[in-house]
Amino acid sequence: MACFLVPATEAIVTTVITKAADKKEPEHTSDHVEAAEVKETSHKMPFVKKLRWLSNMLWGGAVLLCFEHLWHGEVVPFPPFLTAASNPADTAEMLGEMSTVGVCMAVLITAVWVGMVIVTGIIEKRGEASEASQEV
């Protein structure tokens with residue numbers, strides 16, 4: 001009924017953190033030559049970009065689930081927006097679904113993202129190792 005609200009809330013938090021981290025990220029110069037040199041010497045992807053992956057995955061999942069709930073009539077375009085919020089018995093069921101299904105979906109998306117970050121780290125280390133062996 002409202003399980004999409006949990007990943008949407010996590011998406012809001014990660015988006016805010018990403019925006020704050022973007023401001024702290026050192027700016028690359030506009031000189032294309034220097035930017036290319038930085039790219040050649042550094043194989044590591046900034047963590048902010050990886051965090052943006054999580055944010056995009058969460059937003060995509062939340063929007064898709066919201067559309068699905070809208071399609072089934074569980075979300076309506078007029079107050080109280082969630083049809084389960086109009087009846088106390090349905091509200092309890094909705095909160096139960098959010099605490100089980102919604103949390104499981106948010107955890108699963110985050111776990112997939114952690115796997116992506118680990119795989120990316122392994123690939124980055126392989127690139128550094130192969131570059132170091134080629135220099136010798």
# chains A, B, ... in the order shown; residues from 1 in each chain; ligands from 1

call {"tool": "residues_around", "arguments": {"residues": "stretch 124-129 of chain A", "least_positions_apart": "4", "cutoff": "9 Å", "atoms": "only C-alpha atoms", "output": "list of chain:residue names"}}
result
A:Ser42, A:His43, A:Lys44, A:Met45, A:Val119, A:Thr120, A:Ser133, A:Gln134

call {"tool": "residues_around", "arguments": {"residues": "A:Lys23", "least_positions_apart": "6", "cutoff": "12 Å", "atoms": "only C-alpha atoms", "output": "JSON, numbers by chain"}}
result
{"A": [16, 17, 48]}

call {"tool": "write_last_selection", "arguments": {"atoms": "C-alpha atoms", "output": "PDB file, in the first residue's frame"}}
result
ATOM      1  CA  VAL A  16      20.727  15.417   0.311  1.00  0.00           C
ATOM      2  CA  ILE A  17      24.002  13.744   1.319  1.00  0.00           C
ATOM      3  CA  VAL A  48      30.066  10.835  -4.551  1.00  0.00           C
TER       4      VAL A  48
END

call {"tool": "atom_distance", "arguments": {"atom1": "atom CA of A:Gly61", "atom2": "atom CA of A:Leu5"}}
result
10.4 Å

call {"tool": "closest_residue", "arguments": {"among": "A:Glu93, A:Glu74, A:Glu131, A:Asp22", "to": "A:Phe4", "atoms": "only C-alpha atoms"}}
result
A:Glu74

call {"tool": "select_by_dssp", "arguments": {"residues": "stretch 35-105 of chain A", "states": "helix (DSSP H, G or I)", "output": "number ranges by chain"}}
result
A: 35-41, 47-71, 83-86, 88-105

call {"tool": "write_last_selection", "arguments": {"atoms": "N, CA and C atoms", "output": "compact mmCIF listing (two decimals), in the first residue's frame"}}
result
# COMPACT_ATOMS: atom_id res chain seq x y z
N ALA A 35 42.49 18.05 -17.10
CA ALA A 35 41.47 17.09 -16.71
C ALA A 35 41.80 15.71 -17.25
N ALA A 36 42.32 15.65 -18.47
CA ALA A 36 42.70 14.36 -19.05
C ALA A 36 43.87 13.77 -18.28
N GLU A 37 44.82 14.60 -17.86
CA GLU A 37 45.96 14.10 -17.08
C GLU A 37 45.49 13.55 -15.74
N VAL A 38 44.54 14.24 -15.10
CA VAL A 38 44.00 13.76 -13.83
C VAL A 38 43.32 12.42 -14.04
N LYS A 39 42.59 12.28 -15.14
CA LYS A 39 41.87 11.04 -15.43
C LYS A 39 42.85 9.88 -15.67
N GLU A 40 43.97 10.15 -16.33
CA GLU A 40 44.93 9.10 -16.62
C GLU A 40 45.65 8.63 -15.37
N THR A 41 45.93 9.53 -14.45
CA THR A 41 46.70 9.15 -13.28
C THR A 41 45.84 8.57 -12.18
N PHE A 47 33.68 8.75 -4.55
CA PHE A 47 32.60 8.11 -3.80
C PHE A 47 31.26 8.80 -4.04
N VAL A 48 31.31 10.09 -4.30
CA VAL A 48 30.07 10.83 -4.55
C VAL A 48 29.33 10.25 -5.76
N LYS A 49 30.09 9.88 -6.77
CA LYS A 49 29.46 9.28 -7.96
C LYS A 49 28.83 7.94 -7.61
N LYS A 50 29.48 7.17 -6.77
CA LYS A 50 28.93 5.88 -6.34
C LYS A 50 27.67 6.09 -5.49
N LEU A 51 27.71 7.13 -4.66
CA LEU A 51 26.53 7.45 -3.84
C LEU A 51 25.37 7.90 -4.72
N ARG A 52 25.69 8.56 -5.82
CA ARG A 52 24.65 8.98 -6.77
C ARG A 52 23.98 7.74 -7.39
N TRP A 53 24.76 6.66 -7.58
CA TRP A 53 24.16 5.41 -8.08
C TRP A 53 23.06 4.95 -7.14
N LEU A 54 23.37 4.94 -5.83
CA LEU A 54 22.38 4.50 -4.84
C LEU A 54 21.15 5.39 -4.89
N SER A 55 21.37 6.68 -4.95
CA SER A 55 20.25 7.61 -5.00
C SER A 55 19.38 7.35 -6.23
N ASN A 56 20.00 7.17 -7.37
CA ASN A 56 19.24 6.90 -8.60
C ASN A 56 18.48 5.58 -8.54
N MET A 57 19.12 4.56 -7.98
CA MET A 57 18.45 3.26 -7.85
C MET A 57 17.23 3.36 -6.93
N LEU A 58 17.39 4.08 -5.82
CA LEU A 58 16.27 4.23 -4.88
C LEU A 58 15.14 5.05 -5.49
N TRP A 59 15.48 6.16 -6.17
CA TRP A 59 14.44 6.96 -6.80
C TRP A 59 13.70 6.16 -7.87
N GLY A 60 14.44 5.41 -8.67
CA GLY A 60 13.81 4.60 -9.71
C GLY A 60 12.86 3.58 -9.14
N GLY A 61 13.30 2.89 -8.10
CA GLY A 61 12.43 1.90 -7.46
C GLY A 61 11.21 2.52 -6.82
N ALA A 62 11.39 3.66 -6.15
CA ALA A 62 10.26 4.32 -5.49
C ALA A 62 9.23 4.82 -6.51
N VAL A 63 9.71 5.40 -7.61
CA VAL A 63 8.78 5.89 -8.63
C VAL A 63 8.02 4.74 -9.27
N LEU A 64 8.74 3.66 -9.56
CA LEU A 64 8.08 2.50 -10.16
C LEU A 64 7.02 1.92 -9.22
N LEU A 65 7.35 1.79 -7.94
CA LEU A 65 6.39 1.26 -6.97
C LEU A 65 5.21 2.21 -6.78
N CYS A 66 5.49 3.50 -6.78
CA CYS A 66 4.40 4.48 -6.64
C CYS A 66 3.44 4.35 -7.82
N PHE A 67 3.99 4.21 -9.02
CA PHE A 67 3.15 4.03 -10.21
C PHE A 67 2.31 2.76 -10.08
N GLU A 68 2.93 1.69 -9.60
CA GLU A 68 2.21 0.42 -9.44
C GLU A 68 1.06 0.58 -8.44
N HIS A 69 1.32 1.27 -7.33
CA HIS A 69 0.27 1.48 -6.34
C HIS A 69 -0.82 2.42 -6.88
N LEU A 70 -0.44 3.38 -7.68
CA LEU A 70 -1.40 4.27 -8.32
C LEU A 70 -2.28 3.48 -9.29
N TRP A 71 -1.66 2.59 -10.04
CA TRP A 71 -2.37 1.75 -11.01
C TRP A 71 -3.42 0.87 -10.32
N THR A 83 -5.05 5.38 0.18
CA THR A 83 -6.41 4.93 0.50
C THR A 83 -6.46 4.24 1.85
N ALA A 84 -5.37 3.65 2.29
CA ALA A 84 -5.34 2.97 3.58
C ALA A 84 -5.36 3.95 4.75
N ALA A 85 -5.05 5.22 4.51
CA ALA A 85 -5.03 6.20 5.59
C ALA A 85 -6.43 6.64 6.00
N SER A 86 -7.44 6.28 5.24
CA SER A 86 -8.81 6.70 5.56
C SER A 86 -9.48 5.79 6.58
N PRO A 88 -8.71 3.28 10.03
CA PRO A 88 -7.68 2.90 11.02
C PRO A 88 -7.19 1.46 10.90
N ALA A 89 -8.07 0.53 10.54
CA ALA A 89 -7.65 -0.86 10.38
C ALA A 89 -6.71 -1.00 9.18
N ASP A 90 -7.01 -0.30 8.10
CA ASP A 90 -6.14 -0.33 6.93
C ASP A 90 -4.81 0.38 7.19
N THR A 91 -4.87 1.42 8.04
CA THR A 91 -3.64 2.14 8.37
C THR A 91 -2.66 1.23 9.10
N ALA A 92 -3.15 0.41 10.01
CA ALA A 92 -2.29 -0.53 10.73
C ALA A 92 -1.67 -1.53 9.76
N GLU A 93 -2.46 -2.00 8.81
CA GLU A 93 -1.95 -2.93 7.80
C GLU A 93 -0.89 -2.24 6.93
N MET A 94 -1.15 -0.98 6.57
CA MET A 94 -0.22 -0.22 5.74
C MET A 94 1.11 -0.02 6.48
N LEU A 95 1.06 0.32 7.75
CA LEU A 95 2.29 0.51 8.52
C LEU A 95 3.06 -0.80 8.65
N GLY A 96 2.33 -1.91 8.80
CA GLY A 96 2.97 -3.22 8.84
C GLY A 96 3.67 -3.55 7.53
N GLU A 97 3.01 -3.22 6.41
CA GLU A 97 3.61 -3.45 5.09
C GLU A 97 4.85 -2.58 4.90
N MET A 98 4.76 -1.33 5.36
CA MET A 98 5.92 -0.44 5.23
C MET A 98 7.10 -0.95 6.05
N SER A 99 6.83 -1.47 7.24
CA SER A 99 7.92 -1.93 8.11
C SER A 99 8.50 -3.27 7.68
N THR A 100 7.77 -4.02 6.89
CA THR A 100 8.32 -5.30 6.42
C THR A 100 8.77 -5.21 4.97
N VAL A 101 7.83 -5.03 4.07
CA VAL A 101 8.13 -5.02 2.63
C VAL A 101 8.98 -3.80 2.26
N GLY A 102 8.59 -2.63 2.74
CA GLY A 102 9.31 -1.41 2.40
C GLY A 102 10.75 -1.43 2.88
N VAL A 103 10.94 -1.85 4.12
CA VAL A 103 12.31 -1.92 4.67
C VAL A 103 13.12 -2.97 3.93
N CYS A 104 12.51 -4.12 3.62
CA CYS A 104 13.24 -5.17 2.88
C CYS A 104 13.66 -4.66 1.50
N MET A 105 12.78 -3.92 0.82
CA MET A 105 13.14 -3.39 -0.51
C MET A 105 14.28 -2.40 -0.40

call {"tool": "closest_residue", "arguments": {"among": "A:Pro46, A:Gly73, A:Leu82, A:Ile118", "to": "A:Thr18", "atoms": "only C-alpha atoms"}}
result
A:Pro46

call {"tool": "closest_residue", "arguments": {"among": "A:Ile109, A:Gly121, A:Pro79, A:His72", "to": "A:Ala8", "atoms": "only C-alpha atoms"}}
result
A:Ile109
